[in-house]
$ cat run-v9.txt   # compact mmCIF, C-alpha atoms and all ligand atoms
# COMPACT_ATOMS: atom_id res chain seq x y z
CA MET A 794 64.37 54.33 11.87
CA GLY A 795 67.89 53.02 11.15
CA LEU A 796 68.72 51.37 7.82
CA LYS A 797 68.96 47.89 9.30
CA GLN A 798 65.52 48.11 10.88
CA LEU A 799 64.08 49.57 7.68
CA ILE A 800 65.44 46.63 5.66
CA ARG A 801 64.19 44.13 8.23
CA GLU A 802 60.68 45.57 8.25
CA LYS A 803 60.49 45.59 4.45
CA ALA A 804 61.57 41.93 4.24
CA LEU A 805 58.91 40.89 6.75
CA GLU A 806 56.28 43.07 5.07
CA LEU A 807 57.01 41.32 1.75
CA GLY A 808 56.43 37.95 3.40
CA PHE A 809 59.88 36.60 4.11
CA GLU A 810 59.86 34.56 7.31
CA GLY A 811 63.08 35.95 8.68
CA ILE A 812 66.06 38.16 8.02
CA GLY A 813 69.44 38.38 9.70
CA PHE A 814 72.75 40.16 9.24
CA THR A 815 76.34 39.05 9.57
CA GLY A 816 79.79 40.32 8.65
CA VAL A 817 81.76 39.52 5.50
CA GLU A 818 84.68 37.72 7.13
CA PRO A 819 85.31 34.22 5.66
CA LEU A 820 82.83 31.49 6.64
CA ASP A 821 85.61 29.66 8.48
CA LEU A 822 83.71 26.67 9.81
CA TYR A 823 82.37 25.91 6.36
CA ILE A 824 85.83 26.18 4.81
CA LYS A 825 87.29 23.88 7.46
CA GLU A 826 84.61 21.22 6.95
CA PHE A 827 84.91 21.43 3.17
CA ARG A 828 88.70 21.08 3.27
CA SER A 829 88.53 18.11 5.64
CA ARG A 830 86.63 16.04 3.02
CA PRO A 831 87.66 17.39 -0.41
CA GLU A 832 86.89 14.12 -2.23
CA MET A 833 83.19 14.45 -1.32
CA TYR A 834 82.86 17.89 -2.85
CA GLN A 835 84.82 17.67 -6.09
CA TRP A 836 81.56 17.48 -8.03
CA VAL A 837 80.52 20.96 -6.84
CA THR A 838 83.89 22.50 -7.58
CA THR A 839 84.30 23.61 -11.17
CA PRO A 840 85.72 26.76 -12.78
CA GLN A 841 82.11 28.00 -13.07
CA PHE A 842 80.92 27.08 -9.57
CA ASP A 843 83.02 26.97 -6.42
CA LEU A 844 81.54 27.06 -2.92
CA LEU A 845 84.96 27.64 -1.36
CA ARG A 846 85.25 30.80 -3.44
CA GLY A 847 81.79 31.82 -2.18
CA ALA A 848 82.91 31.34 1.44
CA GLU A 849 85.47 34.15 1.02
CA VAL A 850 83.06 36.95 0.22
CA THR A 851 85.45 39.90 0.11
CA GLN A 852 87.82 38.20 -2.34
CA ARG A 853 85.13 38.42 -4.96
CA TYR A 854 83.40 41.56 -3.72
CA PRO A 855 86.01 43.95 -2.26
CA TRP A 856 83.21 46.48 -1.72
CA ALA A 857 81.24 44.10 0.54
CA ARG A 858 80.54 45.29 4.10
CA SER A 859 77.71 43.01 5.30
CA LEU A 860 75.85 39.83 4.47
CA LEU A 861 72.08 39.91 4.70
CA VAL A 862 70.26 36.56 4.79
CA LEU A 863 66.57 36.15 3.96
CA ILE A 864 64.50 33.13 4.96
CA ARG A 865 61.90 32.06 2.41
CA ASN A 866 59.26 29.53 3.42
CA TYR A 867 58.57 27.21 0.48
CA HIS A 868 55.94 25.16 2.31
CA ARG A 869 53.17 27.71 2.73
CA ARG A 870 50.75 25.50 0.84
CA ARG A 871 50.03 21.80 0.61
CA PHE A 872 51.91 19.64 -1.85
CA PRO A 873 50.06 17.20 -4.13
CA ARG A 874 49.78 13.81 -2.49
CA GLN A 875 50.92 12.00 -5.63
CA LEU A 876 54.25 13.90 -5.66
CA ILE A 877 55.16 13.12 -2.04
CA GLY A 878 57.97 10.58 -2.13
CA VAL A 879 58.58 11.33 -5.82
CA ILE A 880 59.81 14.94 -6.13
CA GLY A 881 61.38 16.92 -3.29
CA ARG A 882 59.10 19.69 -2.02
CA CYS A 883 61.46 22.59 -2.65
CA TYR A 884 61.72 21.74 -6.37
CA GLN A 885 57.96 21.61 -6.86
CA VAL A 886 57.74 25.33 -6.13
CA ASP A 887 61.05 26.49 -7.60
CA GLU A 888 59.93 29.49 -9.62
CA ARG A 889 63.29 30.71 -10.82
CA LYS A 890 62.56 29.86 -14.45
CA GLU A 891 58.80 30.47 -14.45
CA LYS A 892 59.04 33.68 -12.42
CA GLY A 893 55.90 33.31 -10.28
CA SER A 894 54.79 35.21 -7.18
CA GLU A 895 57.58 33.83 -4.94
CA HIS A 896 60.13 35.07 -7.43
CA GLN A 897 58.35 38.43 -7.55
CA ARG A 898 58.68 38.75 -3.76
CA LEU A 899 62.45 38.64 -4.14
CA MET A 900 62.42 41.05 -7.09
CA ASP A 901 60.38 43.50 -4.99
CA PHE A 902 62.95 43.25 -2.22
CA PHE A 903 65.76 43.92 -4.70
CA ALA A 904 63.88 46.97 -5.99
CA PHE A 905 63.59 48.22 -2.41
CA LEU A 906 67.35 47.81 -1.79
CA LYS A 907 68.03 49.69 -5.00
CA ASP A 908 65.69 52.50 -3.96
CA GLN A 909 67.71 52.82 -0.75
CA GLY A 910 70.80 53.43 -2.88
CA LEU A 911 72.38 50.13 -1.79
CA LYS A 912 74.73 48.02 -3.88
CA PHE A 913 74.02 44.29 -3.49
CA ARG A 914 74.63 40.90 -5.11
CA TRP A 915 72.77 37.59 -4.97
CA ASP A 916 75.45 34.95 -5.47
CA GLY A 917 74.62 31.22 -5.45
CA GLU A 918 78.21 30.33 -4.53
CA ILE A 919 77.90 31.76 -1.02
CA PRO A 920 77.22 28.85 1.38
CA ALA A 921 73.66 29.82 2.24
CA ARG A 922 73.02 27.66 5.31
CA MET A 923 76.20 28.65 7.07
CA ALA A 924 75.57 32.32 6.26
CA ALA A 925 72.04 32.00 7.70
CA ALA A 926 73.36 30.39 10.91
CA ARG A 927 75.97 33.11 11.33
CA ALA A 928 73.23 35.69 10.78
CA GLY A 929 71.26 34.06 13.61
CA VAL A 930 68.12 33.06 11.69
CA VAL A 931 68.50 29.26 11.73
CA THR A 932 70.03 26.44 13.74
CA TYR A 933 71.43 23.22 12.31
CA GLY A 934 69.87 19.78 12.40
CA LYS A 935 71.90 16.58 12.50
CA ASN A 936 70.58 15.93 8.98
CA CYS A 937 72.68 18.93 7.78
CA PHE A 938 69.56 20.97 6.98
CA VAL A 939 68.84 24.19 8.82
CA TYR A 940 65.73 25.02 10.83
CA ALA A 941 64.05 28.40 11.27
CA ARG A 942 64.49 30.23 14.56
CA GLY A 943 61.40 31.97 15.87
CA ALA A 944 59.40 31.34 12.67
CA MET A 945 57.74 28.53 10.70
CA ARG A 946 57.18 26.57 13.92
CA GLY A 947 60.89 25.82 13.80
CA ALA A 948 60.70 23.86 10.51
CA SER A 949 63.32 23.24 7.84
CA TRP A 950 61.13 23.84 4.76
CA LEU A 951 63.02 26.99 3.92
CA GLU A 952 65.45 28.53 1.51
CA SER A 953 68.24 30.73 2.87
CA ILE A 954 69.06 33.59 0.51
CA PRO A 955 72.34 35.41 1.27
CA LEU A 956 72.87 38.84 -0.26
CA VAL A 957 76.13 40.79 -0.27
CA LEU A 958 75.62 44.44 0.77
CA ASP A 959 77.88 47.49 0.54
CA ALA A 960 76.49 48.98 3.79
CA GLU A 961 78.11 48.21 7.13
CA LEU A 962 75.28 46.99 9.36
CA ALA A 963 75.60 45.58 12.87
CA PRO A 964 75.75 41.76 12.81
CA ASP A 965 73.10 39.72 14.63
CA GLU A 966 73.95 37.11 17.25
CA PRO A 967 75.13 33.94 15.42
CA SER A 968 73.33 30.64 16.00
CA ILE A 969 75.83 28.15 14.56
CA GLU A 970 74.63 25.37 16.79
CA LEU A 971 72.53 22.23 16.77
CA GLY A 972 68.88 22.80 17.66
CA CYS A 973 67.93 19.11 17.94
CA PRO A 974 66.22 17.93 21.13
CA ASP A 975 68.27 15.55 23.27
CA TRP A 976 65.55 12.93 23.16
CA CYS A 977 65.72 12.50 19.37
CA LYS A 978 68.00 9.55 18.77
CA ASN A 979 69.11 10.57 15.28
CA ALA A 980 65.91 9.59 13.48
CA CYS A 981 67.19 11.28 10.32
CA VAL A 982 70.36 9.18 10.21
CA ALA A 983 68.37 5.99 10.73
CA ALA A 984 65.85 6.95 8.03
CA CYS A 985 68.30 7.85 5.27
CA PRO A 986 67.75 5.01 2.78
CA THR A 987 71.12 5.17 1.03
CA GLY A 988 73.40 5.75 4.02
CA ALA A 989 74.24 9.23 2.72
CA LEU A 990 73.74 10.53 6.27
CA TYR A 991 76.24 8.26 7.98
CA ALA A 992 76.53 10.02 11.34
CA PRO A 993 75.03 13.11 12.97
CA LYS A 994 76.02 16.18 10.90
CA LYS A 995 77.93 14.00 8.42
CA MET A 996 76.70 13.43 4.89
CA ARG A 997 78.28 11.85 1.83
CA PRO A 998 76.79 13.91 -1.02
CA GLN A 999 77.49 11.24 -3.64
CA ARG A 1000 75.20 8.79 -1.88
CA CYS A 1001 72.39 11.28 -1.40
CA ILE A 1002 69.30 10.55 -3.49
CA ALA A 1003 69.15 14.19 -4.58
CA TYR A 1004 72.61 13.95 -6.13
CA ASN A 1005 71.84 10.62 -7.73
CA THR A 1006 68.60 11.80 -9.31
CA TYR A 1007 69.86 14.97 -10.96
CA PHE A 1008 73.68 15.29 -10.86
CA ALA A 1009 75.25 11.84 -11.07
CA PRO A 1010 76.23 10.91 -14.62
CA GLY A 1011 75.35 7.57 -16.25
CA LEU A 1012 73.56 4.54 -14.92
CA THR A 1013 72.59 4.64 -11.23
CA PRO A 1014 74.78 2.17 -9.28
CA ALA A 1015 73.00 -1.13 -8.62
CA GLU A 1016 73.31 -0.92 -4.83
CA LEU A 1017 71.48 2.43 -4.71
CA ARG A 1018 68.51 1.56 -6.94
CA GLU A 1019 66.27 -0.10 -4.36
CA PRO A 1020 67.07 2.31 -1.52
CA MET A 1021 66.25 5.26 -3.80
CA GLY A 1022 62.65 4.06 -3.86
CA THR A 1023 60.24 6.18 -5.89
CA TRP A 1024 62.14 9.47 -5.69
CA VAL A 1025 62.94 10.79 -9.17
CA TYR A 1026 64.12 14.33 -8.33
CA GLY A 1027 65.48 15.13 -4.87
CA CYS A 1028 64.52 13.53 -1.57
CA ASP A 1029 62.84 14.80 1.63
CA ARG A 1030 63.12 11.68 3.76
CA CYS A 1031 65.47 12.98 6.46
CA GLN A 1032 63.31 16.08 6.85
CA GLU A 1033 59.99 14.20 6.81
CA VAL A 1034 60.92 11.96 9.73
CA CYS A 1035 62.32 14.79 11.83
CA PRO A 1036 60.31 15.65 14.95
CA ARG A 1037 61.28 19.30 14.50
CA ASN A 1038 59.22 19.34 11.30
CA GLN A 1039 56.09 17.66 12.65
CA PRO A 1040 54.36 20.83 13.96
CA TRP A 1041 54.53 22.30 10.45
CA LEU A 1042 53.61 19.08 8.64
CA ASN A 1043 50.67 18.30 10.91
CA GLN A 1044 48.75 21.53 10.45
CA PRO A 1045 46.11 22.32 7.83
CA LEU A 1046 47.57 24.28 4.93
CA PRO A 1047 45.84 25.78 1.90
CA ASP A 1048 45.93 23.94 -1.42
CA ASN A 1049 48.16 25.03 -4.26
CA PRO A 1050 45.74 24.82 -7.24
CA PRO A 1051 48.28 25.53 -10.04
CA LEU A 1052 50.62 22.88 -8.67
CA MET A 1053 47.75 20.41 -8.16
CA ALA A 1054 46.76 20.99 -11.79
CA ARG A 1055 50.17 20.00 -13.12
CA ALA A 1056 50.93 17.16 -10.68
CA GLU A 1057 49.80 14.51 -13.17
CA ASP A 1058 52.41 15.79 -15.63
CA PHE A 1059 54.94 14.17 -13.28
CA ALA A 1060 53.26 10.75 -13.15
CA LEU A 1061 55.99 8.12 -13.40
CA GLU A 1062 54.38 6.54 -16.47
CA ARG A 1063 54.38 9.89 -18.28
CA LEU A 1064 57.98 10.59 -17.33
CA LEU A 1065 59.12 7.24 -18.68
CA ALA A 1066 57.20 7.59 -21.97
CA MET A 1067 57.73 11.32 -22.59
CA ASP A 1068 59.48 12.77 -25.62
CA THR A 1069 61.69 15.84 -25.65
CA GLU A 1070 58.84 18.14 -26.64
CA TYR A 1071 56.77 17.09 -23.61
CA TYR A 1072 59.83 17.33 -21.36
CA LEU A 1073 60.66 20.88 -22.41
CA ALA A 1074 57.05 22.05 -22.16
CA ASN A 1075 56.03 20.43 -18.87
CA ILE A 1076 58.95 19.27 -16.76
CA TRP A 1077 62.09 21.28 -17.40
CA PRO A 1078 60.63 24.73 -16.61
CA LEU A 1079 60.06 23.60 -12.99
CA CYS A 1080 62.81 21.01 -12.48
CA PHE A 1081 65.76 22.36 -14.42
CA TYR A 1082 68.78 20.82 -12.68
CA ILE A 1083 68.66 18.08 -15.32
CA SER A 1084 69.60 19.76 -18.58
CA ARG A 1085 67.29 20.25 -21.55
CA ARG A 1086 69.18 17.54 -23.46
CA GLN A 1087 68.93 14.89 -20.73
CA VAL A 1088 65.39 13.61 -21.02
CA ALA A 1089 66.93 10.11 -20.73
CA GLN A 1090 68.00 10.82 -17.13
CA TRP A 1091 64.36 11.41 -16.18
CA GLN A 1092 63.32 8.27 -18.02
CA MET A 1093 65.97 6.21 -16.23
CA ASN A 1094 64.81 7.60 -12.87
CA ALA A 1095 61.17 6.90 -13.73
CA ALA A 1096 61.96 3.31 -14.76
CA ARG A 1097 63.75 2.68 -11.46
CA ALA A 1098 60.88 4.29 -9.49
CA LEU A 1099 58.28 2.19 -11.33
CA GLY A 1100 60.23 -0.96 -10.47
CA ASN A 1101 60.33 0.08 -6.83
CA ARG A 1102 56.65 1.03 -6.76
CA GLY A 1103 55.93 -2.63 -7.41
CA ASP A 1104 52.83 -2.31 -9.59
CA ARG A 1105 53.11 -5.02 -12.25
CA GLU A 1106 50.75 -3.07 -14.52
CA ALA A 1107 53.83 -1.00 -15.40
CA ALA A 1108 55.53 -4.00 -17.05
CA PRO A 1109 54.36 -3.32 -20.67
CA LEU A 1110 55.51 0.31 -20.43
CA LEU A 1111 58.90 -0.78 -19.14
CA ALA A 1112 59.11 -3.38 -21.91
CA ARG A 1113 58.47 -0.65 -24.47
CA ALA A 1114 61.29 1.47 -23.02
CA LEU A 1115 63.57 -1.59 -23.08
CA ALA A 1116 62.72 -2.16 -26.74
CA ASP A 1117 62.65 1.39 -28.04
CA SER A 1118 64.85 3.74 -26.02
CA PRO A 1119 67.98 4.84 -27.87
CA ASP A 1120 69.66 5.44 -24.49
CA TYR A 1121 71.43 2.48 -22.86
CA THR A 1122 70.83 3.80 -19.31
CA VAL A 1123 67.06 3.79 -19.90
CA ARG A 1124 67.12 0.29 -21.41
CA ALA A 1125 69.34 -1.02 -18.62
CA MET A 1126 67.12 0.48 -15.91
CA ALA A 1127 63.95 -0.74 -17.62
CA ALA A 1128 65.43 -4.25 -17.53
CA TRP A 1129 66.33 -3.83 -13.86
CA ALA A 1130 62.80 -2.58 -13.08
CA LEU A 1131 61.21 -5.56 -14.85
CA GLY A 1132 63.38 -7.85 -12.73
CA ARG A 1133 62.34 -5.95 -9.63
CA LEU A 1134 58.64 -6.28 -10.54
CA GLY A 1135 59.10 -9.98 -11.19
CA GLY A 1136 56.44 -12.37 -12.46
CA GLU A 1137 55.88 -14.37 -15.63
CA ARG A 1138 55.00 -11.43 -17.85
CA ALA A 1139 58.10 -9.45 -16.86
CA GLY A 1140 60.19 -12.56 -17.53
CA LYS A 1141 58.74 -12.86 -21.05
CA PHE A 1142 59.50 -9.24 -21.83
CA LEU A 1143 63.09 -9.72 -20.67
CA GLU A 1144 63.49 -12.92 -22.73
CA ALA A 1145 62.21 -11.12 -25.81
CA ALA A 1146 64.72 -8.29 -25.37
CA ARG A 1147 67.73 -10.51 -24.65
CA PRO A 1148 68.78 -11.34 -28.26
CA ARG A 1149 68.79 -7.65 -29.23
CA GLU A 1150 71.26 -6.57 -26.57
CA ASP A 1151 74.89 -7.06 -25.69
CA GLY A 1152 77.31 -5.54 -23.21
CA MET A 1153 75.98 -3.76 -20.17
CA VAL A 1154 72.29 -3.91 -21.07
CA ARG A 1155 72.55 -7.65 -21.81
CA GLN A 1156 74.09 -8.16 -18.39
CA GLU A 1157 71.27 -6.18 -16.76
CA ILE A 1158 68.76 -8.40 -18.57
CA GLU A 1159 70.51 -11.57 -17.38
CA ASP A 1160 70.56 -10.29 -13.80
CA ALA A 1161 66.92 -9.20 -14.04
CA LEU A 1162 65.85 -12.58 -15.41
CA ALA A 1163 67.52 -14.33 -12.54
CA ARG A 1164 65.72 -12.03 -10.15
CA ALA A 1165 62.33 -12.22 -11.87
CA ARG A 1166 62.42 -16.00 -11.69
CA ALA A 1167 63.65 -16.18 -8.11
S1 LIG A 1201 67.93 13.85 1.31
FE1 LIG A 1201 67.43 11.62 1.35
S2 LIG A 1201 69.23 10.55 0.64
FE2 LIG A 1201 69.85 12.66 1.08
S3 LIG A 1201 70.63 12.57 3.18
FE3 LIG A 1201 68.44 13.06 3.36
S4 LIG A 1201 67.36 11.07 3.53
FE4 LIG A 1201 69.46 10.68 2.82
S1 LIG A 1202 65.61 13.73 13.15
FE1 LIG A 1202 66.33 14.21 15.23
S2 LIG A 1202 68.57 14.31 15.08
FE2 LIG A 1202 67.75 14.43 12.98
S3 LIG A 1202 67.61 16.62 12.57
FE3 LIG A 1202 65.62 15.98 13.35
S4 LIG A 1202 65.72 16.33 15.58
FE4 LIG A 1202 67.81 16.40 14.79

$ encode --input "run-v9.txt" --output "structure tokens"
Amino acid sequence: MGLKQLIREKALELGFEGIGFTGVEPLDLYIKEFRSRPEMYQWVTTPQFDLLRGAEVTQRYPWARSLLVLIRNYHRRRFPRQLIGVIGRCYQVDERKEKGSEHQRLMDFFAFLKDQGLKFRWDGEIPARMAAARAGVVTYGKNCFVYARGAMRGASWLESIPLVLDAELAPDEPSIELGCPDWCKNACVAACPTGALYAPKKMRPQRCIAYNTYFAPGLTPAELREPMGTWVYGCDRCQEVCPRNQPWLNQPLPDNPPLMARAEDFALERLLAMDTEYYLANIWPLCFYISRRQVAQWQMNAARALGNRGDREAAPLLARALADSPDYTVRAMAAWALGRLGGERAGKFLEAARPREDGMVRQEIEDALARARA
């Protein structure tokens, strides 16, 4: 058996859903798209992290001869009902810090490559979706996600994992194309609540809920707060509505007992009221894109989500955050959420907080009062 076939069989034996190979020439289409809209990608371009650098594989790895791309299905099991619409699915099973069985699958594959005498690198800067399409294992959707080819009932609940290899292996047939059916009239674009997806295959990252829950600094802009709904970390909306994902979503899947057991840790009320100790023990190990020091970002997101959930029973908890939080973004968002909930009790809480505040939080309280009374 040739080396390529041996590697392929091992990946499938370990439980990866797909594997493809491509060359190490620059990912030209990606570079072109990136350069056509540089202002939208400044936030992912730092001295430490640069996707354009990743698109030119041989500049960093002169020894590179092939790219291998693995497809990992992160939706093998059911997700807790209470986290749907709150935390994006891929983050709920991100085991990179906790090193669970999914992580072990990848470590076993690395051990296999090493046993074959191969040199390889796993580099997060390499544009994974484009590499997967060039390796022929996915096609694009108009929502900018990629969908499995010949696996996972064609769904997008996958992670593409590109690895740089020092062995020259024959590339597979690329599939850099749209796989959407003609009859779908851009349901993903219509469903995007913030207008981040503004046209087929066009997305403004800074308006995406994912970006605004875990990367955007400071107070969430007022015009995005309602559209962001109850999401506090990531967003799956444009994948949930997609007809290409319905065969996978509408099948029985086994439960995920460890995830079910910790789902309540992510209840919005707990997130808003948590202290740093709770955050570091229960939340950060799974959802680590928000730094260890930024518990306030979670609290701000939870306050906004509670306002959008519309349950007025949350008003006293929001009032406590407005009174006690040392972080102005949490107090400002708690005020906004009270205004969004509305009602006499929310109005009283806002009135009580008004004399204590000035500046931006005071303005949020004034705006919220006007709204609560409307
Ligand atoms: S993940 Fe959510 S906010 Fe981002 S493009 Fe999709 S629907 Fe829009
Ligand atoms: S919702 Fe329709 S247009 Fe959007 S990715 Fe899915 S099939 Fe394509």

$ closest_atom_pairs --input "run-v9.txt" --of "chain A" --to "ligand LIG 1201 (chain A)" --cutoff "6 Å" --atoms "all atoms listed in the file" --output "Markdown table"
| residue | atom | partner | partner_atom | distance |
| --- | --- | --- | --- | --- |
| A:Cys985 | CA | A:LIG1201 | S4 | 3.8 |
| A:Pro986 | CA | A:LIG1201 | FE4 | 5.9 |
| A:Thr987 | CA | A:LIG1201 | S2 | 5.7 |
| A:Ala989 | CA | A:LIG1201 | S3 | 4.9 |
| A:Leu990 | CA | A:LIG1201 | S3 | 4.8 |
| A:Cys1001 | CA | A:LIG1201 | FE2 | 3.8 |
| A:Ile1002 | CA | A:LIG1201 | S2 | 4.1 |
| A:Ala1003 | CA | A:LIG1201 | FE2 | 5.9 |
| A:Cys1028 | CA | A:LIG1201 | S1 | 4.5 |
| A:Asp1029 | CA | A:LIG1201 | S1 | 5.2 |
| A:Arg1030 | CA | A:LIG1201 | S4 | 4.3 |
| A:Cys1031 | CA | A:LIG1201 | S4 | 4.0 |

$ closest_residue --input "run-v9.txt" --among "A:Gly808, A:Pro998, A:Gly947, A:Pro1050" --to "ligand LIG 1202 (chain A)" --atoms "all atoms listed in the file"
A:Gly947

$ axis_aligned_box --input "run-v9.txt" --around "segment 938-944 of chain A" --padding-each-side "4 Å" --output "lines of an AutoDock Vina configuration file"
center_x = 64.5
center_y = 26.5
center_z = 11.4
size_x = 18.2
size_y = 19.0
size_z = 16.9

$ residues_near_point --input "run-v9.txt" --point "(65.2, 13.6, 9.8)" --cutoff "6 Å" --atoms "all atoms listed in the file" --output "short mmCIF file (atom, residue, chain, number, x, y, z; two decimals) with C-alpha atoms, keeping the file's coordinate frame"
data_model
loop_
_atom_site.label_atom_id
_atom_site.label_comp_id
_atom_site.auth_asym_id
_atom_site.auth_seq_id
_atom_site.Cartn_x
_atom_site.Cartn_y
_atom_site.Cartn_z
CA ASN A 936 70.58 15.93 8.98
CA ALA A 980 65.91 9.59 13.48
CA CYS A 981 67.19 11.28 10.32
CA CYS A 1031 65.47 12.98 6.46
CA GLN A 1032 63.31 16.08 6.85
CA VAL A 1034 60.92 11.96 9.73
CA CYS A 1035 62.32 14.79 11.83
#

$ closest_residue --input "run-v9.txt" --among "A:Arg1166, A:Lys995, A:Arg1138, A:Arg1133" --to "ligand LIG 1202 (chain A)" --atoms "only C-alpha atoms and all ligand atoms"
A:Lys995

$ atom_distance --input "run-v9.txt" --atom1 "atom CA of Glu818 of chain A" --atom2 "atom CA of Val850 of chain A"
7.1 Å

$ closest_residue --input "run-v9.txt" --among "A:Arg927, A:Lys797, A:Ser949, A:Tyr854" --to "Trp915 of chain A" --atoms "only C-alpha atoms"
A:Tyr854

$ build_atoms --input "run-v9.txt" --residues "segment 933-952 of chain A" --atoms "N, CA and C atoms" --output "PDB file, in the frame of the given file"
ATOM      1  N   TYR A 933      71.206  24.444  13.095  1.00  0.00           N
ATOM      2  CA  TYR A 933      71.430  23.220  12.310  1.00  0.00           C
ATOM      3  C   TYR A 933      70.654  22.042  12.884  1.00  0.00           C
ATOM      4  N   GLY A 934      70.350  21.099  11.982  1.00  0.00           N
ATOM      5  CA  GLY A 934      69.870  19.780  12.400  1.00  0.00           C
ATOM      6  C   GLY A 934      70.973  18.773  12.123  1.00  0.00           C
ATOM      7  N   LYS A 935      70.872  17.611  12.742  1.00  0.00           N
ATOM      8  CA  LYS A 935      71.900  16.580  12.500  1.00  0.00           C
ATOM      9  C   LYS A 935      71.787  16.026  11.081  1.00  0.00           C
ATOM     10  N   ASN A 936      70.711  16.362  10.380  1.00  0.00           N
ATOM     11  CA  ASN A 936      70.580  15.930   8.980  1.00  0.00           C
ATOM     12  C   ASN A 936      71.243  16.921   8.019  1.00  0.00           C
ATOM     13  N   CYS A 937      71.944  17.911   8.552  1.00  0.00           N
ATOM     14  CA  CYS A 937      72.680  18.930   7.780  1.00  0.00           C
ATOM     15  C   CYS A 937      71.758  19.991   7.174  1.00  0.00           C
ATOM     16  N   PHE A 938      70.449  19.876   7.387  1.00  0.00           N
ATOM     17  CA  PHE A 938      69.560  20.970   6.980  1.00  0.00           C
ATOM     18  C   PHE A 938      69.541  22.007   8.099  1.00  0.00           C
ATOM     19  N   VAL A 939      68.980  23.174   7.771  1.00  0.00           N
ATOM     20  CA  VAL A 939      68.840  24.190   8.820  1.00  0.00           C
ATOM     21  C   VAL A 939      67.360  24.451   9.091  1.00  0.00           C
ATOM     22  N   TYR A 940      67.097  24.867  10.326  1.00  0.00           N
ATOM     23  CA  TYR A 940      65.730  25.020  10.830  1.00  0.00           C
ATOM     24  C   TYR A 940      65.514  26.464  11.292  1.00  0.00           C
ATOM     25  N   ALA A 941      64.332  26.987  10.959  1.00  0.00           N
ATOM     26  CA  ALA A 941      64.050  28.400  11.270  1.00  0.00           C
ATOM     27  C   ALA A 941      64.072  28.642  12.778  1.00  0.00           C
ATOM     28  N   ARG A 942      64.553  29.808  13.155  1.00  0.00           N
ATOM     29  CA  ARG A 942      64.490  30.230  14.560  1.00  0.00           C
ATOM     30  C   ARG A 942      63.381  31.255  14.695  1.00  0.00           C
ATOM     31  N   GLY A 943      62.445  30.992  15.588  1.00  0.00           N
ATOM     32  CA  GLY A 943      61.400  31.970  15.870  1.00  0.00           C
ATOM     33  C   GLY A 943      60.439  32.183  14.717  1.00  0.00           C
ATOM     34  N   ALA A 944      60.341  31.231  13.799  1.00  0.00           N
ATOM     35  CA  ALA A 944      59.400  31.340  12.670  1.00  0.00           C
ATOM     36  C   ALA A 944      59.101  29.933  12.174  1.00  0.00           C
ATOM     37  N   MET A 945      58.064  29.794  11.383  1.00  0.00           N
ATOM     38  CA  MET A 945      57.740  28.530  10.700  1.00  0.00           C
ATOM     39  C   MET A 945      57.646  27.349  11.667  1.00  0.00           C
ATOM     40  N   ARG A 946      57.251  27.626  12.901  1.00  0.00           N
ATOM     41  CA  ARG A 946      57.180  26.570  13.920  1.00  0.00           C
ATOM     42  C   ARG A 946      58.486  25.765  13.988  1.00  0.00           C
ATOM     43  N   GLY A 947      59.563  26.439  13.667  1.00  0.00           N
ATOM     44  CA  GLY A 947      60.890  25.820  13.800  1.00  0.00           C
ATOM     45  C   GLY A 947      61.233  24.843  12.697  1.00  0.00           C
ATOM     46  N   ALA A 948      60.533  24.886  11.547  1.00  0.00           N
ATOM     47  CA  ALA A 948      60.700  23.860  10.510  1.00  0.00           C
ATOM     48  C   ALA A 948      61.881  24.140   9.574  1.00  0.00           C
ATOM     49  N   SER A 949      62.187  23.135   8.772  1.00  0.00           N
ATOM     50  CA  SER A 949      63.320  23.240   7.840  1.00  0.00           C
ATOM     51  C   SER A 949      62.892  23.464   6.391  1.00  0.00           C
ATOM     52  N   TRP A 950      61.604  23.689   6.150  1.00  0.00           N
ATOM     53  CA  TRP A 950      61.130  23.840   4.760  1.00  0.00           C
ATOM     54  C   TRP A 950      61.408  25.265   4.288  1.00  0.00           C
ATOM     55  N   LEU A 951      62.655  25.599   4.200  1.00  0.00           N
ATOM     56  CA  LEU A 951      63.020  26.990   3.920  1.00  0.00           C
ATOM     57  C   LEU A 951      64.202  27.061   2.971  1.00  0.00           C
ATOM     58  N   GLU A 952      64.275  28.208   2.320  1.00  0.00           N
ATOM     59  CA  GLU A 952      65.450  28.530   1.510  1.00  0.00           C
ATOM     60  C   GLU A 952      66.149  29.704   2.179  1.00  0.00           C
TER      61      GLU A 952
END
